[in-house]
Amino acid sequence: MHESSSPPRVRFAPSPTGSLHVGGARTALYNLLFARREKGTFILRIEDTDVERSREELSGQILSAMEWLGLDYNEGPFYQSSRMELYRAAIERLIARGSAYRAFETAEELDVERKKADAAGRAYRYSGAGRDISPDESDRRARAGERHVVRLKMPAGTIVVEDLVRGRVEFPPEALDDFVLVRSDGHPLYHFCVCVDDAEMRITHVLRGDDHLANTPKHVALFDALGVPVPAFAHLGMILGTDRKKLSKRHGAAAVEEWREAGILPEALVNFLALLGWSPGDDREILTREEMEREFSIDRIGASPSVFDPEKLLWMNAQYIAKMPATEILARCAPWLAAPPPREVALAAIELHRTRARTTVEMARAVATYASDPEIYEPDGLKKQVKPDTAAEMGKFLERIAAVSDWTVGPLEAALRASAEEQGISAGKLIHPTRLALTGVTVGAPLFDVVALLGKETALRRLRNFVDRISASEPT
RNA sequence: GGCCCAUUCGUCUAACGGUUAGGACGCAGCCCUCUCAAGGCUGUAAUACGGGUUCGAUUCCCGUAUGGGCUACCA
């Protein structure tokens with residue numbers, strides 16, 4: 001069918017009618033991985049033939065999302081809107097060859113037909129009237145300026161699609177219509193542009209969403225009409241929301257951009273998406289980009305749809321944060337760190353929190369506490385950890401810790417435990433209020449690491465503020 | 001309605017006729033522990049249903065059910 005010897009050429013062809021979707025990102029990723037694995041070429045093509053719906057800034061968003069994910073293409077981006085001449089030439093060839101024909105019904109007339117068929121419970125099909133107009137008459141009417149569309153003359157027989165994921169799929173001729181290639185205003189339509197471009201770009205493999213499987217017989221017929229080899233197809237199962245409906249904006253966080261803003265690392269999102277419909281064949285879950293590029297294969301792609309599980313994405317992101325160098329994490333946190341602490345403090349804070357933050361947003365928040373004193377104390381924490389005696393106990397502890405000169409974990413812990421013992425209370429009675437005093441929250445990194453990292457001046461100031469605060473609000 | 005696709009733990013998936021149906025997320029418990037995590041250990045939970053084919057079906061075939069897609073002068 002196609003030459004397996006020459007390297008494949010694949011493409012990702014999004015329509016700029018929305019920002020990049022996780023489903024689109026996965027399609028792009030699989031195309032890229034396949035191209036890398038097979039030493040082929042990955043092409044980016046923007047399908048902006050729908051002038052009403054396509055918006056230029058959305059193309060930019062798609063490009064930037066792809067760049068963020070590291071989905072680099074070898075050729076492109078090509079914009080269909082600037083390839084109109086190509087489509088015009090192709091349609092003329094098709095008409096001249098008799099593979100396509102002009103049809104002069106108006107949209108309104110067709111609408112009436114469709115409604116009639118609907119009412120009668122019949123499946124609507126175009127009458128095919130345009131097929132019977134002689135080429136001469138067709139040319140004459142077109143020259144006279146009569147409005148018309150151009151339709152493809154579909155072949156009479158069953159169309160067979162050999163899908164690399166689904167196997168052989170047959171489409172009976174009754175199911176296919178002479179569909180429109182060019183609108184009456186001269187605009188070429190999606191299916192037509194896709195095939196002309198795939199042919200012109202010598203695309204060998206089409207990896208795309210399952211939603212296009214039913215369109216594929218149209219494309220096969222079009223490639224035949226164009227007189228070019230039919231590429232191989234691989235249709236990927238849809239990505240679903242947790243309600244098992246096709247993932248959409250309704251589900252929230254369907255766009256790559258939203259995950260970026262939520263503090264998900266591009267490496268983690270790519271890893272997660274790679275495993276949504278593909279598996280390396282063993283139990284590995286965390287794969288490097290190199291491993292994916294080396295091991296990806298179409299025959300390990302599953303056919304069924306997959307539910308996008310944000311919980312697992314978060315887990316995977318946490319895995320990446322746990323392993324990433326602190327300097328790198330700090331750089332990734334930058335967008336959320338308006339007022340970062342000194343670099344050395346920030347890096348140490350990251351080490352303290354790398355197993356506690358699932359996203360860079362959470363990490364940034366943790367790091368920020370080392371830069372600025374807590375403005376509020378967690379209300380539940382105050383209620384739970386501040387008892388009538390707490391202010392007094394903390395006051396005594398404060399005196400003792402203020403005398404510590406070697407401000408490191410060992411001496412600090414010793415000071416706290418000694419103070420607890422001296423007061424005849426458990427260490428926890430001091431530990432928990434201290435954490436609340438220093439960070440404003442009741443959970444976090446091991447306390448003495450926090451105290452040490454904060455430094456004497458800052459730690460004492462926060463403790464004093466806290467003691468003042470609880471003394472003031474305590475009933476006397 | 002017509003045509004097409006899909007169906008293994010709640011979720012992502014492995015097992016390409018023979019496995020105690022494996023791993024991961026989640027959840028639960030235990031260990032560790034100043035809290036919360038992380039980590040370790042243990043547990044929970046699946047072949048949609050009905051027929052075939054076969055010595056033997058998660059695996060192949062046919063129905064049914066459920067979900068999804070397409071059926072535009074959208075993409």
# chains A, B, ... in the order shown; residues from 1 in each chain; ligands from 1
>>> interface_residues(of="chain A", to="chain B", cutoff="6 Å", atoms="only C-alpha atoms (C1' of nucleotides)", output="number ranges by chain")
A: 123, 175, 183, 211, 214, 283, 304, 312, 355-356, 431, 443-444
>>> residues_around(residues="G10 of chain B", least_positions_apart="6", cutoff="12 Å", atoms="only C-alpha atoms (C1' of nucleotides)", output="ChimeraX atom specification")
/A:242-243,307,309 /B:25-27,44-46
>>> atom_distance(atom1="atom CA of Asn215 of chain A", atom2="atom CA of Arg122 of chain A")
21.0 Å
>>> residues_around(residues="Val256 of chain A", least_positions_apart="3", cutoff="10 Å", atoms="only C-alpha atoms (C1' of nucleotides)", output="PyMOL selection string")
chain A and resi 19-25+61-62+65-66+68-69+253+259-262+264+266+269
>>> select_by_dssp(residues="segment 27-141 of chain A", states="strand (DSSP E)", output="ChimeraX atom specification")
/A:41-46,75-79,100-103
>>> write_last_selection(atoms="N, CA and C atoms", output="JSON list (two decimals), in the first residue's frame")
[["chain", "number", "residue", "atom", "x", "y", "z"],
["A", 41, "THR", "N", 9.02, 12.80, 9.69],
["A", 41, "THR", "CA", 8.84, 14.25, 9.75],
["A", 41, "THR", "C", 7.48, 14.57, 10.36],
["A", 42, "PHE", "N", 7.49, 15.52, 11.29],
["A", 42, "PHE", "CA", 6.26, 15.96, 11.95],
["A", 42, "PHE", "C", 5.93, 17.37, 11.49],
["A", 43, "ILE", "N", 4.76, 17.51, 10.92],
["A", 43, "ILE", "CA", 4.37, 18.78, 10.31],
["A", 43, "ILE", "C", 3.19, 19.40, 11.08],
["A", 44, "LEU", "N", 3.23, 20.72, 11.24],
["A", 44, "LEU", "CA", 2.09, 21.40, 11.88],
["A", 44, "LEU", "C", 1.34, 22.20, 10.82],
["A", 45, "ARG", "N", 0.06, 21.97, 10.77],
["A", 45, "ARG", "CA", -0.78, 22.67, 9.78],
["A", 45, "ARG", "C", -2.00, 23.23, 10.49],
["A", 46, "ILE", "N", -2.24, 24.49, 10.32],
["A", 46, "ILE", "CA", -3.39, 25.13, 10.96],
["A", 46, "ILE", "C", -4.56, 25.15, 9.98],
["A", 75, "GLU", "N", 8.26, 20.84, 10.26],
["A", 75, "GLU", "CA", 7.85, 21.73, 9.18],
["A", 75, "GLU", "C", 6.59, 22.46, 9.59],
["A", 76, "GLY", "N", 6.45, 23.69, 9.11],
["A", 76, "GLY", "CA", 5.27, 24.46, 9.43],
["A", 76, "GLY", "C", 5.59, 25.54, 10.47],
["A", 77, "PRO", "N", 4.59, 26.20, 11.02],
["A", 77, "PRO", "CA", 3.17, 25.94, 10.73],
["A", 77, "PRO", "C", 2.74, 26.45, 9.35],
["A", 78, "PHE", "N", 1.93, 25.65, 8.71],
["A", 78, "PHE", "CA", 1.33, 26.04, 7.44],
["A", 78, "PHE", "C", -0.12, 26.42, 7.72],
["A", 79, "TYR", "N", -0.56, 27.49, 7.08],
["A", 79, "TYR", "CA", -1.93, 27.94, 7.28],
["A", 79, "TYR", "C", -2.73, 27.68, 6.02],
["A", 100, "ALA", "N", -15.47, 15.42, -9.90],
["A", 100, "ALA", "CA", -16.31, 16.29, -9.09],
["A", 100, "ALA", "C", -17.20, 17.06, -10.05],
["A", 101, "TYR", "N", -18.31, 17.57, -9.54],
["A", 101, "TYR", "CA", -19.24, 18.28, -10.42],
["A", 101, "TYR", "C", -19.89, 19.44, -9.70],
["A", 102, "ARG", "N", -20.41, 20.36, -10.48],
["A", 102, "ARG", "CA", -21.10, 21.50, -9.88],
["A", 102, "ARG", "C", -22.54, 21.12, -9.59],
["A", 103, "ALA", "N", -23.05, 21.63, -8.51],
["A", 103, "ALA", "CA", -24.46, 21.40, -8.18],
["A", 103, "ALA", "C", -25.08, 22.74, -7.88]]
>>> residues_around(residues="His205 of chain A", least_positions_apart="3", cutoff="7 Å", atoms="only C-alpha atoms (C1' of nucleotides)", output="list of chain:residue names")
A:Pro8, A:Arg9, A:Val10, A:Pro231, A:Ala232, A:Phe233
>>> select_by_dssp(residues="segment 114-355 of chain A", states="alpha helix (DSSP H)", output="JSON, numbers by chain")
{"A": [114, 115, 116, 117, 118, 119, 135, 136, 137, 138, 139, 140, 141, 142, 143, 190, 191, 192, 193, 194, 195, 196, 197, 198, 199, 200, 216, 217, 218, 219, 220, 221, 222, 223, 224, 225, 226, 256, 257, 258, 259, 260, 261, 266, 267, 268, 269, 270, 271, 272, 273, 274, 289, 290, 291, 292, 293, 294, 295, 310, 311, 312, 313, 314, 315, 316, 317, 318, 319, 320, 321, 322, 323, 326, 327, 328, 329, 330, 331, 332, 333, 343, 344, 345, 346, 347, 348, 349, 350, 351, 352, 353]}
>>> residues_around(residues="segment 89-95 of chain A", least_positions_apart="2", cutoff="12 Å", atoms="only C-alpha atoms (C1' of nucleotides)", output="ChimeraX atom specification")
/A:83-87,97-103,131,134-136,138-139,149-153,180-183,186-189,192-193,195-197,199-200,222-227
>>> write_last_selection(atoms="C-alpha atoms", output="short mmCIF file (atom, residue, chain, number, x, y, z; two decimals), in the first residue's frame")
data_model
loop_
_atom_site.label_atom_id
_atom_site.label_comp_id
_atom_site.auth_asym_id
_atom_site.auth_seq_id
_atom_site.Cartn_x
_atom_site.Cartn_y
_atom_site.Cartn_z
CA ARG A 83 -3.00 27.95 0.41
CA MET A 84 -6.20 28.83 -1.41
CA GLU A 85 -4.56 28.73 -4.80
CA LEU A 86 -3.72 25.09 -4.25
CA TYR A 87 -7.34 24.20 -3.56
CA ARG A 97 -11.50 14.96 -14.87
CA GLY A 98 -15.15 14.38 -14.04
CA SER A 99 -14.43 13.32 -10.47
CA ALA A 100 -16.31 16.29 -9.09
CA TYR A 101 -19.24 18.28 -10.42
CA ARG A 102 -21.10 21.50 -9.88
CA ALA A 103 -24.46 21.40 -8.18
CA ARG A 131 -24.34 14.53 -11.75
CA SER A 134 -23.49 17.90 -18.91
CA PRO A 135 -20.00 19.40 -18.60
CA ASP A 136 -20.81 21.96 -21.27
CA SER A 138 -22.22 23.13 -16.22
CA ASP A 139 -19.41 25.30 -17.57
CA VAL A 149 -21.25 24.28 -4.93
CA VAL A 150 -18.83 21.59 -6.08
CA ARG A 151 -19.48 18.03 -4.98
CA LEU A 152 -17.36 14.92 -5.11
CA LYS A 153 -18.66 12.05 -7.18
CA VAL A 180 -19.65 19.39 -0.86
CA LEU A 181 -16.01 20.30 -1.54
CA VAL A 182 -16.43 23.99 -2.27
CA ARG A 183 -19.14 26.30 -0.99
CA GLY A 186 -16.01 29.78 -3.37
CA HIS A 187 -14.63 28.72 0.01
CA PRO A 188 -13.11 25.24 -0.03
CA LEU A 189 -14.33 23.03 2.79
CA PHE A 192 -11.32 18.78 0.71
CA CYS A 193 -8.52 20.95 2.08
CA CYS A 195 -6.91 15.76 1.49
CA VAL A 196 -5.36 18.25 -0.88
CA ASP A 197 -2.88 19.23 1.81
CA ALA A 199 -1.51 14.82 -0.69
CA GLU A 200 0.62 17.88 -1.33
CA LEU A 222 -10.98 12.05 -2.33
CA PHE A 223 -7.44 10.71 -2.38
CA ASP A 224 -8.49 8.31 -5.13
CA ALA A 225 -10.08 11.14 -7.08
CA LEU A 226 -6.94 13.21 -6.63
CA GLY A 227 -4.97 10.29 -7.95
#
